[in-house]
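Everything on this sheet refers to the single structure shown next.
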Number of protein chains: 2
Amino acid sequence: MIAEFKRYIKEKVKLSEEDLELIRSVAVEKIVRRKQLLLQQGEVCRYKIFICKGLLRTYRTREDGSEHVMMFSPETWWATDPESLNNQTPSFYYIDALEDSEVLLWTKKDFAMLCAKIPALKSYSEKLISTNLNIGRQRIFSALSATPEEKYDEFVASYPNIFARIPLHMVASYLGVSLKTLSRIRQAQLKR
Amino acid sequence: MIAEFKRYIKEKVKLSEEDLELIRSVAVEKIVRRKQLLLQQGEVCRYKIFICKGLLRTYRTREDGSEHVMMFSPETWWATDPESLNNQTPSFYYIDALEDSEVLLWTKKDFAMLCAKIPALKSYSEKLISTNLNIGRQRIFSALSATPEEKYDEFVASYPNIFARIPLHMVASYLGVSLKTLSRIRQAQLKR
DNA sequence: TAAAAATAGCGTCAAATGTCCGCATTTTAC
DNA sequence: GTAAAATGCGGACATTTGACGCTATTTTTA
């Protein structure tokens, strides 16, 4: 399982073998089954999660029980609730597995130690954060300005590989439209 | 004009007088009139902007010319396009002044120098970034799940002081609803 | 000070969207 | 292997929302 992570991180960051070994030594391997929760609303988020294999979903609920998907994380992506992790406050989010998955976990403390000892990792981590910020801004703009069909097309174009692995009602939830609307859009596109 | 900044930064970060002086020495003071642009779509963003006085707006347009407000920045806030600034790529955004304003500017290079020499500033800057990430997530969740009225109420509750300074059609644009819808909501609330 | 622009509201109408319902098919779980 | 759950579609209907045009008032600009 660590092999996938090594392949990923070597491609992104120049690391010595000792650095790699240090990172590995504080990582916890975990296997999760489909539907299993990695984080619950109300809990303090304890880990940064790297997905070696499988697919995770981060979502949030309203008082009425409705679920709203914030993010999908397939293999070679990350998942966590940075707000809860950094501030050690109860999280608003759930993270669960949409497929049987294999993940690596680092605690806040260990990851901070790694960043302190390995500047290249720290700056890569910062780069990921700013990428996330940009993706978030793009999504806000899309939410403000795009029609449901445009949102759908953007999603399929941006995430073609994971699109096929996600039930449509979760895509609808991610886009902020009803499943009904999504069905109509797809129906209309089929007719062209 | 620098006085407002000093008051602000002293409250947030422990800094020596030399640090403060260094920060000041590379800052550029600028006075902008209402409607004046500080950044144009297509331009590379050159500065981090701190607002001493006044009110800025960051927005983006679609091909059809419609404007969509990403952010309002009143005094003691910041504005910039981090994506364009960091990567030196053309920006998607406009930044303009909604009121006559006084701002301080730092180039990417100077700000990087400051962060390198003043670790406390660097970590404060990181904290701002993560706060922005959290605000963005909250806004995405709201865009996905809230009704227009809930979004409006949230906005008024979150930004009571700047709400009164912004024309309603810009509030509507920020919320991603039409001015018509916003008028209807306000009308309905008046009747209660 | 006067003209022009910005702001915000309203009425009407059409279109988009959501909710509720059932149904058929596939997938999952025991 | 069989029952249960999940998934996706479609119809009917009500509601929300937006687009357009018009007007009154305020603010800005020259």
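Labels for the structure tokens follow display order: chains A, B, ..., residues from 1 in each chain, ligands from 1.
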
Taking only C-alpha atoms into account and nothing else, which residues of chain B lie no more than 6 Å away from chain A? Please answer as a compact mmCIF listing (two decimals) with N, CA and C atoms, in the first residue's frame.
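Contents of iface_31.txt, as written:
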# COMPACT_ATOMS: atom_id res chain seq x y z
N LEU B 133 -9.63 29.53 3.09
CA LEU B 133 -10.07 28.21 2.64
C LEU B 133 -11.36 27.82 3.36
N ILE B 140 -19.30 27.48 -0.32
CA ILE B 140 -19.70 26.43 -1.24
C ILE B 140 -20.86 25.64 -0.66
N LEU B 144 -24.60 25.30 -2.23
CA LEU B 144 -25.20 24.01 -2.58
C LEU B 144 -26.52 23.78 -1.87
N GLY B 176 -25.49 34.94 -5.79
CA GLY B 176 -25.84 34.09 -6.91
C GLY B 176 -27.34 34.02 -7.17

Practice problem: Could you list the residues in chain A lying within 10 Å of chain D, using only C-alpha atoms (C1' of nucleotides), and format the result as number ranges by chain? | Solution: A: 167-169, 179-180, 183-184, 187

Quiz item: Tell me, which residues of chain B carry DSSP strand (DSSP E), written as number ranges by chain?
Solution: B: 28-32, 37-39, 47-53, 55-61, 67-74, 78-79, 93-97, 101-107

Restricting the output to N, CA and C atoms, write the selected residues as a short mmCIF file (atom, residue, chain, number, x, y, z; two decimals), in the first residue's frame.
data_model
loop_
_atom_site.label_atom_id
_atom_site.label_comp_id
_atom_site.auth_asym_id
_atom_site.auth_seq_id
_atom_site.Cartn_x
_atom_site.Cartn_y
_atom_site.Cartn_z
N VAL B 28 3.82 50.14 -0.85
CA VAL B 28 3.49 51.30 -1.65
C VAL B 28 2.10 51.79 -1.27
N GLU B 29 2.01 53.07 -0.96
CA GLU B 29 0.70 53.63 -0.63
C GLU B 29 0.00 54.01 -1.92
N LYS B 30 -1.31 53.77 -1.94
CA LYS B 30 -2.04 54.15 -3.14
C LYS B 30 -3.44 54.61 -2.76
N ILE B 31 -3.86 55.68 -3.40
CA ILE B 31 -5.21 56.18 -3.19
C ILE B 31 -6.00 55.88 -4.45
N VAL B 32 -7.15 55.23 -4.28
CA VAL B 32 -7.98 54.93 -5.44
C VAL B 32 -9.35 55.56 -5.30
N LEU B 37 -10.11 50.73 -11.17
CA LEU B 37 -9.69 49.33 -11.19
C LEU B 37 -8.30 49.16 -10.60
N LEU B 38 -8.12 48.12 -9.82
CA LEU B 38 -6.79 47.77 -9.31
C LEU B 38 -6.24 46.54 -10.01
N LEU B 39 -7.14 45.77 -10.60
CA LEU B 39 -6.72 44.59 -11.36
C LEU B 39 -7.75 44.35 -12.45
N TYR B 47 0.18 42.57 -7.06
CA TYR B 47 0.27 42.97 -5.65
C TYR B 47 -0.63 42.19 -4.71
N LYS B 48 -0.16 42.12 -3.48
CA LYS B 48 -1.05 41.86 -2.37
C LYS B 48 -1.53 43.22 -1.90
N ILE B 49 -2.81 43.34 -1.65
CA ILE B 49 -3.40 44.62 -1.31
C ILE B 49 -3.97 44.58 0.10
N PHE B 50 -3.60 45.53 0.91
CA PHE B 50 -4.22 45.69 2.23
C PHE B 50 -5.06 46.96 2.19
N ILE B 51 -6.29 46.86 2.64
CA ILE B 51 -7.18 48.01 2.57
C ILE B 51 -7.15 48.77 3.91
N CYS B 52 -6.63 49.97 3.88
CA CYS B 52 -6.59 50.82 5.08
C CYS B 52 -7.93 51.50 5.31
N LYS B 53 -8.54 51.86 4.20
CA LYS B 53 -9.76 52.66 4.29
C LYS B 53 -10.52 52.44 3.00
N LEU B 55 -13.43 50.37 0.48
CA LEU B 55 -14.08 49.09 0.20
C LEU B 55 -13.76 48.65 -1.23
N LEU B 56 -13.19 47.46 -1.36
CA LEU B 56 -12.91 46.91 -2.69
C LEU B 56 -13.85 45.74 -2.98
N ARG B 57 -13.93 45.45 -4.27
CA ARG B 57 -14.75 44.32 -4.72
C ARG B 57 -13.93 43.49 -5.70
N THR B 58 -13.96 42.18 -5.53
CA THR B 58 -13.34 41.28 -6.50
C THR B 58 -14.46 40.58 -7.26
N TYR B 59 -14.42 40.66 -8.57
CA TYR B 59 -15.49 40.01 -9.32
C TYR B 59 -14.96 39.42 -10.62
N ARG B 60 -15.81 38.66 -11.27
CA ARG B 60 -15.44 37.98 -12.48
C ARG B 60 -16.62 38.09 -13.44
N THR B 61 -16.34 38.07 -14.72
CA THR B 61 -17.43 38.17 -15.69
C THR B 61 -17.53 36.91 -16.52
N GLU B 67 -21.68 40.09 -14.38
CA GLU B 67 -20.67 40.20 -13.34
C GLU B 67 -21.04 39.36 -12.13
N HIS B 68 -20.03 38.71 -11.55
CA HIS B 68 -20.28 37.86 -10.39
C HIS B 68 -19.26 38.17 -9.31
N VAL B 69 -19.78 38.66 -8.17
CA VAL B 69 -18.88 39.14 -7.12
C VAL B 69 -18.34 37.98 -6.31
N MET B 70 -17.04 37.89 -6.21
CA MET B 70 -16.40 36.84 -5.44
C MET B 70 -16.20 37.27 -3.99
N MET B 71 -15.98 38.57 -3.79
CA MET B 71 -15.53 38.99 -2.46
C MET B 71 -15.63 40.50 -2.30
N PHE B 72 -15.94 40.92 -1.09
CA PHE B 72 -15.85 42.32 -0.72
C PHE B 72 -14.73 42.48 0.30
N SER B 73 -13.93 43.51 0.16
CA SER B 73 -12.81 43.71 1.09
C SER B 73 -12.86 45.12 1.68
N PRO B 74 -13.36 45.25 2.89
CA PRO B 74 -13.38 46.56 3.55
C PRO B 74 -12.06 46.78 4.29
N TRP B 78 -7.79 42.08 3.20
CA TRP B 78 -6.84 41.96 2.10
C TRP B 78 -7.58 41.65 0.82
N ALA B 79 -6.92 41.97 -0.28
CA ALA B 79 -7.45 41.55 -1.58
C ALA B 79 -6.27 41.24 -2.48
N TYR B 93 -9.93 37.74 -12.82
CA TYR B 93 -10.71 38.63 -11.98
C TYR B 93 -10.48 40.11 -12.22
N TYR B 94 -11.46 40.87 -11.81
CA TYR B 94 -11.32 42.31 -11.69
C TYR B 94 -11.33 42.65 -10.20
N ILE B 95 -10.55 43.65 -9.84
CA ILE B 95 -10.68 44.21 -8.50
C ILE B 95 -10.90 45.71 -8.68
N ASP B 96 -11.98 46.24 -8.12
CA ASP B 96 -12.21 47.67 -8.21
C ASP B 96 -12.67 48.22 -6.87
N ALA B 97 -12.75 49.53 -6.81
CA ALA B 97 -13.11 50.20 -5.56
C ALA B 97 -14.59 50.58 -5.59
N SER B 101 -10.83 54.86 -1.70
CA SER B 101 -10.13 53.98 -0.76
C SER B 101 -8.65 54.30 -0.67
N GLU B 102 -8.07 53.85 0.44
CA GLU B 102 -6.62 53.96 0.63
C GLU B 102 -6.08 52.58 0.87
N VAL B 103 -5.09 52.19 0.07
CA VAL B 103 -4.59 50.82 0.16
C VAL B 103 -3.06 50.80 0.19
N LEU B 104 -2.55 49.69 0.69
CA LEU B 104 -1.11 49.45 0.65
C LEU B 104 -0.84 48.27 -0.27
N LEU B 105 0.25 48.36 -1.03
CA LEU B 105 0.57 47.31 -2.00
C LEU B 105 1.94 46.71 -1.70
N TRP B 106 2.05 45.39 -1.82
CA TRP B 106 3.35 44.72 -1.79
C TRP B 106 3.45 43.82 -3.01
N THR B 107 4.58 43.86 -3.67
CA THR B 107 4.78 42.94 -4.80
C THR B 107 4.98 41.53 -4.26
#

Quiz item: Where in segment 3-191 of chain B does DSSP assign helix (DSSP H, G or I), given as JSON, numbers by chain?
Solution: {"B": [3, 4, 5, 6, 7, 8, 9, 10, 11, 12, 17, 18, 19, 20, 21, 22, 23, 24, 25, 82, 83, 84, 85, 86, 87, 108, 109, 110, 111, 112, 113, 114, 115, 116, 117, 119, 120, 121, 122, 123, 124, 125, 126, 127, 128, 129, 130, 131, 132, 133, 134, 135, 136, 137, 138, 139, 140, 141, 142, 143, 144, 145, 148, 149, 150, 151, 152, 153, 154, 155, 156, 157, 158, 160, 161, 162, 163, 168, 169, 170, 171, 172, 173, 174, 175, 179, 180, 181, 182, 183, 184, 185, 186, 187, 188, 189, 190]}

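Taking atom CA of Ala112 of chain B and atom CA of Ser91 of chain B as endpoints, the distance between them is 19.8 Å.
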
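Residues of chain C lying within 10 Å of chain B, counting only C-alpha atoms (C1' of nucleotides), are DA6, DT7, DA8, DG9 and DC10 of chain C.
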
Write the residues you've just listed into a file as a tab-separated table (two decimals), in the first residue's frame, and include C-alpha atoms (C1' of nucleotides) for each of them.
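Below you can see out_11.tsv, which holds the result:
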chain	number	residue	atom	x	y	z
C	6	DA	C1'	-27.35	54.33	-10.69
C	7	DT	C1'	-30.41	52.11	-7.68
C	8	DA	C1'	-34.36	49.52	-6.37
C	9	DG	C1'	-38.92	48.31	-6.63
C	10	DC	C1'	-43.16	46.22	-9.10

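Atom CA of Glu75 of chain B is found 19.3 Å from atom CA of Leu121 of chain B.
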
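Of the residues under consideration (A:Thr76, A:Asn87, A:Thr181, A:Ser25), A:Thr181 shows the shortest atom-to-atom contact distance to DA16 of chain C when counting only C-alpha atoms (C1' of nucleotides).
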
Exercise. Quick one: pull the distance between atom CA of Leu22 of chain A and atom CA of Lys122 of chain A, Å, one decimal.
Key: 14.1 Å
